[in-house]
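The structure appears right after this line, and notes come after that.
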Amino acid sequence: MFLLLPFDSLVVNLLGISITVLFTLLLVFIIVPAIFGVSFGIRKVYMKTLLKIFQWATLRIERGAKEKNHPLYKPYVNGIIAKDPTSLEEEIKEIRRSGSGKALDTPEFELSDIFYFCRKGIETIMDDEVTKRFSAEELESWNLLSRTNYNFQYISLRLTVLWGLGVLIRYCFLLPLRIALAFTGISLLVTGTTVVGYLPNGRCKEFLSKHVHLMCYRICVRALTAIITYHDRENRPRNGGICVANHTSPIDVIILASDGYYAMVGQIHGGLMGVIQRAMVKACPHVWFERSEVKDRHLVAKRLTEHVQDKSKLPILIFPEGTCINNTSVMMFKKGSFEIGATVYPVAIKYDPQFGDAFWNSSKYGMVTYLLRMMTSWAIVCSVWYLPPMTRQPEEDAVQFANRVKSAIARQGGLVDLLWDGGLKREKVKDTFKEEQQKLYSKMIVGNHEDRSRS
């Protein structure tokens, strides 16, 4: 028994040395650079190395598939039906001409009109613009993650060994490191904001609060090995304004907050999130709502208006889509944020799915599962564009203004601009939309009848 004591002490010493070395490396290469907002370029070298490995793996899997006559994996393609942007009236007119040769204004109703609605229904089922925005974006190349290529088959021993080595690196090295960084960032955020919250209001408190927030968010960004490229920083949101961005993931908040200082808007939560919210609001005037208050649109608008009218307060960060979209498109913006009358600072966020899919499919994965998938990805790579500020024009209503901002974000981020409500992720199409189509057809028929009566 006593002979084992020297061995035990050796193990304890080695473990202590390992922890000390690990903490020193974290402090020197991650925490200190996060405090000062600098980077040693290690993540970019890591990204370039991964790209070369992915290229080799993709070429090898394609060559192996040809040798064994396996069908090559074909990525999902958006838009399987070619459609021209035409109106209901134009399409029915074309159907009538091709069917009976009669002009549109000859009869009030033709049986052939039914074919238009049948065709539209079948097209919608086959090429659903909404549903496919809530599934992971497929890749043309393989990034050594089985979750991005379910058709992967055994090709060669080297490729399989490389994939297994990647699993070990992601789960045995990167995952513990990232969990440690995330824990460090969250702990410092709660502790730092709590301490700063006890200081009297003034420039000192504002300065310390800003840098505590930035430091902690930058540590959390490094916990995801996030490589972010910011464009047009001169357009960053300013006090008294509203920052609106497309929404792909809960980490959108961290991505933006690691480069700017924002007032967050959201519902009060319990548990760990509640602890973080209560600590943050002590140091900074964030806007948190009770669960019962969120549904009161007038109360929400009043609180937001009061915030933006004070030009000394931070810009509000809002995601008007209200749900996460899969990084391919931008869906309808809720008009509430655009009724306030404040200056809007649009921001476009575009993720590169080669290194890891940032999209959160909340109907399929819980938050813990999603974070585990994020932390076991290779990296999170994205680009952020700050667009010039926009204000509501005199002739615009809130919906038109929201659509103009949405179009600008979609255009800059290379995303598809859709008019559909993201709430369709969990709900059925509203009856108002169906009624709108019925009114268009009714107006076309009744309008023609009235015109003929006048003549």
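Here, A, B, ... name the chains of the structure tokens in the order displayed, residue numbers run from 1 inside each chain, and ligands are numbered from 1 in the same displayed order.
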
Contact residues around range 262-275 of chain A with only C-alpha atoms at 8 Å, ignoring same-chain residues under 3 positions, as number ranges by chain: A: 190, 257, 278-279, 284-291, 294, 314-318

Output N, CA and C atoms for every residue in the selection just made, as a compact mmCIF listing (two decimals), in the first residue's frame.
# COMPACT_ATOMS: atom_id res chain seq x y z
N VAL A 190 -21.30 37.43 -15.13
CA VAL A 190 -22.16 37.57 -13.96
C VAL A 190 -21.44 38.33 -12.85
N ALA A 257 -22.56 41.39 -30.17
CA ALA A 257 -22.17 42.05 -28.93
C ALA A 257 -20.68 41.98 -28.67
N ARG A 278 -30.41 39.14 -14.57
CA ARG A 278 -30.46 40.01 -13.39
C ARG A 278 -29.12 40.68 -13.13
N ALA A 279 -28.02 39.98 -13.43
CA ALA A 279 -26.70 40.58 -13.24
C ALA A 279 -26.44 41.65 -14.31
N CYS A 284 -26.24 47.71 -16.89
CA CYS A 284 -26.63 48.31 -18.17
C CYS A 284 -28.15 48.29 -18.27
N PRO A 285 -28.77 49.33 -18.84
CA PRO A 285 -30.24 49.38 -18.93
C PRO A 285 -30.82 48.49 -20.02
N HIS A 286 -30.75 47.18 -19.83
CA HIS A 286 -31.40 46.26 -20.76
C HIS A 286 -32.91 46.31 -20.56
N VAL A 287 -33.65 45.85 -21.56
CA VAL A 287 -35.12 45.90 -21.50
C VAL A 287 -35.65 44.49 -21.40
N TRP A 288 -36.00 44.07 -20.18
CA TRP A 288 -36.55 42.73 -19.96
C TRP A 288 -38.04 42.83 -19.67
N PHE A 289 -38.80 41.88 -20.20
CA PHE A 289 -40.25 41.85 -20.02
C PHE A 289 -40.66 40.59 -19.27
N GLU A 290 -41.70 40.73 -18.44
CA GLU A 290 -42.32 39.56 -17.84
C GLU A 290 -43.08 38.79 -18.92
N ARG A 291 -43.34 37.51 -18.66
CA ARG A 291 -44.04 36.68 -19.64
C ARG A 291 -45.40 37.28 -20.02
N VAL A 294 -45.07 40.40 -22.54
CA VAL A 294 -44.58 40.23 -23.91
C VAL A 294 -45.73 40.31 -24.91
N LEU A 314 -28.07 52.99 -24.78
CA LEU A 314 -27.47 52.16 -25.82
C LEU A 314 -28.48 51.79 -26.90
N PRO A 315 -28.00 51.50 -28.11
CA PRO A 315 -28.92 51.02 -29.16
C PRO A 315 -29.52 49.68 -28.78
N ILE A 316 -30.78 49.49 -29.13
CA ILE A 316 -31.47 48.24 -28.84
C ILE A 316 -31.16 47.22 -29.93
N LEU A 317 -30.91 45.99 -29.53
CA LEU A 317 -30.65 44.90 -30.49
C LEU A 317 -31.91 44.04 -30.61
N ILE A 318 -32.46 43.96 -31.83
CA ILE A 318 -33.71 43.24 -32.07
C ILE A 318 -33.56 42.36 -33.32

Members of range 246-306 of chain A assigned alpha helix (DSSP H) by DSSP, as a PyMOL selection string: chain A and resi 252-257+271-283+291-294+297-306

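The coordinates place CA of Met215 in chain A at 25.1 Å from CA of Val308 in chain A.
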
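CA of Thr191 in chain A to CA of Ser249 in chain A spans 25.7 Å [interatomic distance, one decimal].
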
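CA of Ala182 in chain A is found 8.3 Å from CA of Leu224 in chain A.
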
List as a Markdown table every residue of range 239-346 of chain A that is in contact with range 376-391 of chain A, defined as an atom at most 10 Å from one of its atoms (using only C-alpha atoms), together with the nearest atom pair and the distance in Å rounded to one decimal, sorted by chain and then rising number.
| residue | atom | partner | partner_atom | distance |
| --- | --- | --- | --- | --- |
| A:Gly241 | CA | A:Pro389 | CA | 9.1 |
| A:Ile242 | CA | A:Pro389 | CA | 9.5 |
| A:Cys243 | CA | A:Pro389 | CA | 9.2 |
| A:Ala245 | CA | A:Tyr386 | CA | 9.5 |
| A:Ile251 | CA | A:Ile380 | CA | 10.0 |
| A:Ile255 | CA | A:Val384 | CA | 8.6 |
| A:Leu256 | CA | A:Val384 | CA | 8.1 |
| A:Phe338 | CA | A:Thr391 | CA | 9.2 |
| A:Gly341 | CA | A:Thr391 | CA | 7.6 |
| A:Ala342 | CA | A:Thr391 | CA | 7.1 |
| A:Thr343 | CA | A:Thr391 | CA | 5.2 |
| A:Val344 | CA | A:Met390 | CA | 5.2 |
| A:Tyr345 | CA | A:Pro389 | CA | 4.6 |
| A:Pro346 | CA | A:Leu387 | CA | 5.4 |

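Closest approach to Thr323 in chain A from the set A:Leu10, A:Arg170, A:Thr184, A:Phe359 is made by A:Phe359, with distances taken over only C-alpha atoms.
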